[in-house]
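Report on the following structure.
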Amino acid sequence: MNTPERIRVAIIGCGMIGTEWDRTTPDDAPPLTHARAFSEHANAQLVALCDSDGVRARSAAQYWQVAHAYTNPRQLFTEQNIDVAVVAASSESRWAIIEPALAAGVKVLVIEKPLATTLEESRRLVAEIDAAGARSVVNYSRNWDLSIREIKDKIAAGAMGKVQRVVATYGKGICNNASHLIDLTGFLCGSRPVRARSLGSPLDVGEADWSTKDERAWDAQVEFIDSAGTSINLTLLGTDQRAFTCFELRVIGQKSIFDLSMGGRCLNWTEMQYDPNFKGYVIPAPPVALAPRYLEAMQKMADEAVRLAAGDINTVSCDAHTALRTALAVEAIKLSANGDGRWVTLDTLNI
């Protein structure tokens with residue numbers, strides 16, 4: 001019996017999520033980086049690392065025992081036969097990495113979020129990936145959190161009843177962080193964003209000092225439509241990143257409530273009960289804590305990418321087309337913020 005060849009993986013971008021976070025994590029902890037997730041996968045081989053900083057690339061290659069370190073992605077793809085390319089460098093460098101990867105025949109691109117820095121480049125990336133016949137995985141990581149998937153299944157099975165609305169609080173920009181919440185809402189509720197608007201922001205403009213592009217944490221609304229044509233409304237509330245990092249989501253149904261807090265480290269499911277003191281009222285019962293599995297998401301995502309490259313599966317939890325829809329919602333919020341706060345329909349943005 002022949003042993004199948006392992007999927008050959010290259011990582012471009014040796015920053016924290018690419019290679020660095022796991023240098024200090026225990027050996028028995030779930031992987032936080034692409035380097036550890038793919039190097040520990042039984043059917044994958046991490047063959048090359050690349051970073052514009054040659055010292056960082058060589059240091060990472062030595063630590064992860066990878067034979068080849070590069071500073072130029074074009075050279076990497078010319079010299080190495082790669083099946084899966086992980087694009088973990090800055091958003092501004094996406095095309096400089098993806099173009100030579102596609103030209104070299106890479107089967108699967110794993111792209112860190114957001115898809116790109118502009119809507120124009122996001123569209124271009126999706127079109128070029130499709131034209132090349134390649135496949136994509138975009139690492140909106142909570143799509144691979146098994147506890148989130150369980151909640152998604154509960155909502156689909158009707159355990160929540162009709163979703164009344166979704167409310168989220170976030171910091172660090174509408175594109176950088178709120179895009180996660182837009183993607184997560186669509187994933188949980190089996191729906192897609194169709195229009196969005198800005199509600200302005202009570203935060204002072206200094207909140208955006210962390211960004212070189214003055215990206216604000218605007219309050220906003222995004223309307224989603226599910227497969228049955230039901231409308232679901234997400235309200236985003238911005239917080240000041242300078243104080244602390246905030247990432248929270250509440251899905252409010254007719255029969256129950258789901259809460260995600262502490263960036264996904266705390267999950268609660270709350271059923272309804274009759275008020276024991278005031279007859280005729282229905283109120284939330286004490287919440288039931290769920291076991292979070294967010295830290296397992298990186299390994300699950302890597303496994304999906306490997307199986308996709310091997311031809312074992314045909315669909316993924318989040319691809320470039322899904323990420324483009326999220327990018328369109330972000331663009332709609334930006335356009336609304338620069339205008340008069342009107343709703344902007346995504347399909348008018350020439351997708």
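Chain labels run A, B, ... following the order of the structure tokens; each chain numbers its residues from 1, and ligands are numbered from 1 in the order shown.
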
- Run DSSP on the backbone and give me the residues of stretch 213-263 of chain A it puts in strand (DSSP E), as a VMD selection string. chain A and resid 219 to 226 231 to 238 247 to 253 256 to 261

Go ahead and write the selection's residues with C-alpha atoms as a PDB file, in the first residue's frame.
```
ATOM      1  CA  ASP A 219     -21.526  52.318  15.732  1.00  0.00           C
ATOM      2  CA  ALA A 220     -23.364  50.655  12.868  1.00  0.00           C
ATOM      3  CA  GLN A 221     -26.195  48.399  11.770  1.00  0.00           C
ATOM      4  CA  VAL A 222     -25.987  45.494   9.337  1.00  0.00           C
ATOM      5  CA  GLU A 223     -29.056  43.733   7.980  1.00  0.00           C
ATOM      6  CA  PHE A 224     -28.763  40.026   7.116  1.00  0.00           C
ATOM      7  CA  ILE A 225     -31.153  37.757   5.216  1.00  0.00           C
ATOM      8  CA  ASP A 226     -31.283  34.005   5.850  1.00  0.00           C
ATOM      9  CA  SER A 231     -34.304  39.604   8.167  1.00  0.00           C
ATOM     10  CA  ILE A 232     -31.795  39.637  11.057  1.00  0.00           C
ATOM     11  CA  ASN A 233     -30.332  42.903  12.363  1.00  0.00           C
ATOM     12  CA  LEU A 234     -26.838  43.253  13.849  1.00  0.00           C
ATOM     13  CA  THR A 235     -26.084  46.399  15.860  1.00  0.00           C
ATOM     14  CA  LEU A 236     -22.396  47.171  16.323  1.00  0.00           C
ATOM     15  CA  LEU A 237     -21.262  49.415  19.184  1.00  0.00           C
ATOM     16  CA  GLY A 238     -17.695  50.714  19.133  1.00  0.00           C
ATOM     17  CA  PHE A 247     -15.114  41.675  21.453  1.00  0.00           C
ATOM     18  CA  GLU A 248     -18.586  40.643  22.582  1.00  0.00           C
ATOM     19  CA  LEU A 249     -21.701  39.295  20.869  1.00  0.00           C
ATOM     20  CA  ARG A 250     -25.268  38.696  22.059  1.00  0.00           C
ATOM     21  CA  VAL A 251     -27.796  36.809  19.907  1.00  0.00           C
ATOM     22  CA  ILE A 252     -31.316  37.375  21.244  1.00  0.00           C
ATOM     23  CA  GLY A 253     -33.997  34.923  20.218  1.00  0.00           C
ATOM     24  CA  SER A 256     -33.196  31.871  24.444  1.00  0.00           C
ATOM     25  CA  ILE A 257     -30.132  34.111  24.382  1.00  0.00           C
ATOM     26  CA  PHE A 258     -26.541  33.329  23.429  1.00  0.00           C
ATOM     27  CA  ASP A 259     -23.700  35.444  24.844  1.00  0.00           C
ATOM     28  CA  LEU A 260     -20.059  35.487  23.765  1.00  0.00           C
ATOM     29  CA  SER A 261     -17.648  37.567  25.826  1.00  0.00           C
TER      30      SER A 261
END
```

Quick one: contact table of stretch 111-191 of chain A to stretch 269-278 of chain A, 10 Å max, nearest atom pair and distance in Å to one decimal per residue, counting only C-alpha atoms, chain and number order, as a Markdown table?
```
| residue | atom | partner | partner_atom | distance |
| --- | --- | --- | --- | --- |
| A:Ile151 | CA | A:Trp269 | CA | 8.8 |
| A:Ala159 | CA | A:Glu271 | CA | 9.3 |
| A:Met160 | CA | A:Glu271 | CA | 8.5 |
```

Selection export as a PDB file, in the first residue's frame, atoms kept: C-alpha atoms:
```pdb
ATOM      1  CA  ILE A 151     -24.533  27.067  18.812  1.00  0.00           C
ATOM      2  CA  ALA A 159     -33.728  26.111  19.870  1.00  0.00           C
ATOM      3  CA  MET A 160     -33.614  29.908  19.933  1.00  0.00           C
TER       4      MET A 160
END
```

- Query: What residues in stretch 165-268 of chain A get the DSSP label alpha helix (DSSP H)? Please answer as an MDAnalysis selection string.
  - Reply: chainID A and resid 178:189

Emit the selected residues as a PDB file, in the first residue's frame, including N, CA and C atoms.
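The file below, selection38.pdb, is the result:
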```
ATOM      1  N   ALA A 178     -14.492  44.646  13.753  1.00  0.00           N
ATOM      2  CA  ALA A 178     -15.936  44.478  13.549  1.00  0.00           C
ATOM      3  C   ALA A 178     -16.225  43.503  12.420  1.00  0.00           C
ATOM      4  N   SER A 179     -15.298  43.388  11.457  1.00  0.00           N
ATOM      5  CA  SER A 179     -15.520  42.433  10.366  1.00  0.00           C
ATOM      6  C   SER A 179     -15.663  41.010  10.906  1.00  0.00           C
ATOM      7  N   HIS A 180     -14.932  40.696  11.979  1.00  0.00           N
ATOM      8  CA  HIS A 180     -15.084  39.388  12.627  1.00  0.00           C
ATOM      9  C   HIS A 180     -16.531  39.187  13.084  1.00  0.00           C
ATOM     10  N   LEU A 181     -17.122  40.216  13.672  1.00  0.00           N
ATOM     11  CA  LEU A 181     -18.476  40.102  14.208  1.00  0.00           C
ATOM     12  C   LEU A 181     -19.514  40.025  13.099  1.00  0.00           C
ATOM     13  N   ILE A 182     -19.264  40.706  11.994  1.00  0.00           N
ATOM     14  CA  ILE A 182     -20.151  40.594  10.830  1.00  0.00           C
ATOM     15  C   ILE A 182     -20.108  39.174  10.282  1.00  0.00           C
ATOM     16  N   ASP A 183     -18.887  38.642  10.112  1.00  0.00           N
ATOM     17  CA  ASP A 183     -18.742  37.269   9.630  1.00  0.00           C
ATOM     18  C   ASP A 183     -19.380  36.277  10.608  1.00  0.00           C
ATOM     19  N   LEU A 184     -19.147  36.476  11.912  1.00  0.00           N
ATOM     20  CA  LEU A 184     -19.657  35.554  12.921  1.00  0.00           C
ATOM     21  C   LEU A 184     -21.183  35.550  12.959  1.00  0.00           C
ATOM     22  N   THR A 185     -21.795  36.713  12.816  1.00  0.00           N
ATOM     23  CA  THR A 185     -23.256  36.780  12.799  1.00  0.00           C
ATOM     24  C   THR A 185     -23.825  35.990  11.623  1.00  0.00           C
ATOM     25  N   GLY A 186     -23.235  36.185  10.443  1.00  0.00           N
ATOM     26  CA  GLY A 186     -23.690  35.429   9.280  1.00  0.00           C
ATOM     27  C   GLY A 186     -23.509  33.936   9.453  1.00  0.00           C
ATOM     28  N   PHE A 187     -22.376  33.536  10.036  1.00  0.00           N
ATOM     29  CA  PHE A 187     -22.093  32.120  10.246  1.00  0.00           C
ATOM     30  C   PHE A 187     -23.089  31.507  11.227  1.00  0.00           C
ATOM     31  N   LEU A 188     -23.299  32.155  12.373  1.00  0.00           N
ATOM     32  CA  LEU A 188     -24.194  31.616  13.397  1.00  0.00           C
ATOM     33  C   LEU A 188     -25.639  31.527  12.905  1.00  0.00           C
ATOM     34  N   CYS A 189     -26.075  32.531  12.184  1.00  0.00           N
ATOM     35  CA  CYS A 189     -27.488  32.624  11.812  1.00  0.00           C
ATOM     36  C   CYS A 189     -27.783  32.089  10.411  1.00  0.00           C
TER      37      CYS A 189
END
```

- Task: Please provide as a ChimeraX atom specification all residues within 8 Å of A:Val47, with the sequence filter that same-chain residues fewer than 4 positions apart are discarded (counting only C-alpha atoms).
- Result: /A:8-10,66-68

- atom CA of A:Gln164 to atom CA of A:Tyr294: how many Å, to one decimal? 25.5 Å

- Please identify all polymer residues within 7 Å of stretch 314-325 of chain A, counting only C-alpha atoms, omitting same-chain residues fewer than 5 positions from it, and present them as an MDAnalysis selection string. chainID A and resid 115 122:123 126 136:138 143 304 308

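Atom CA of A:Ala243 is found 12.6 Å from atom CA of A:Asp209.
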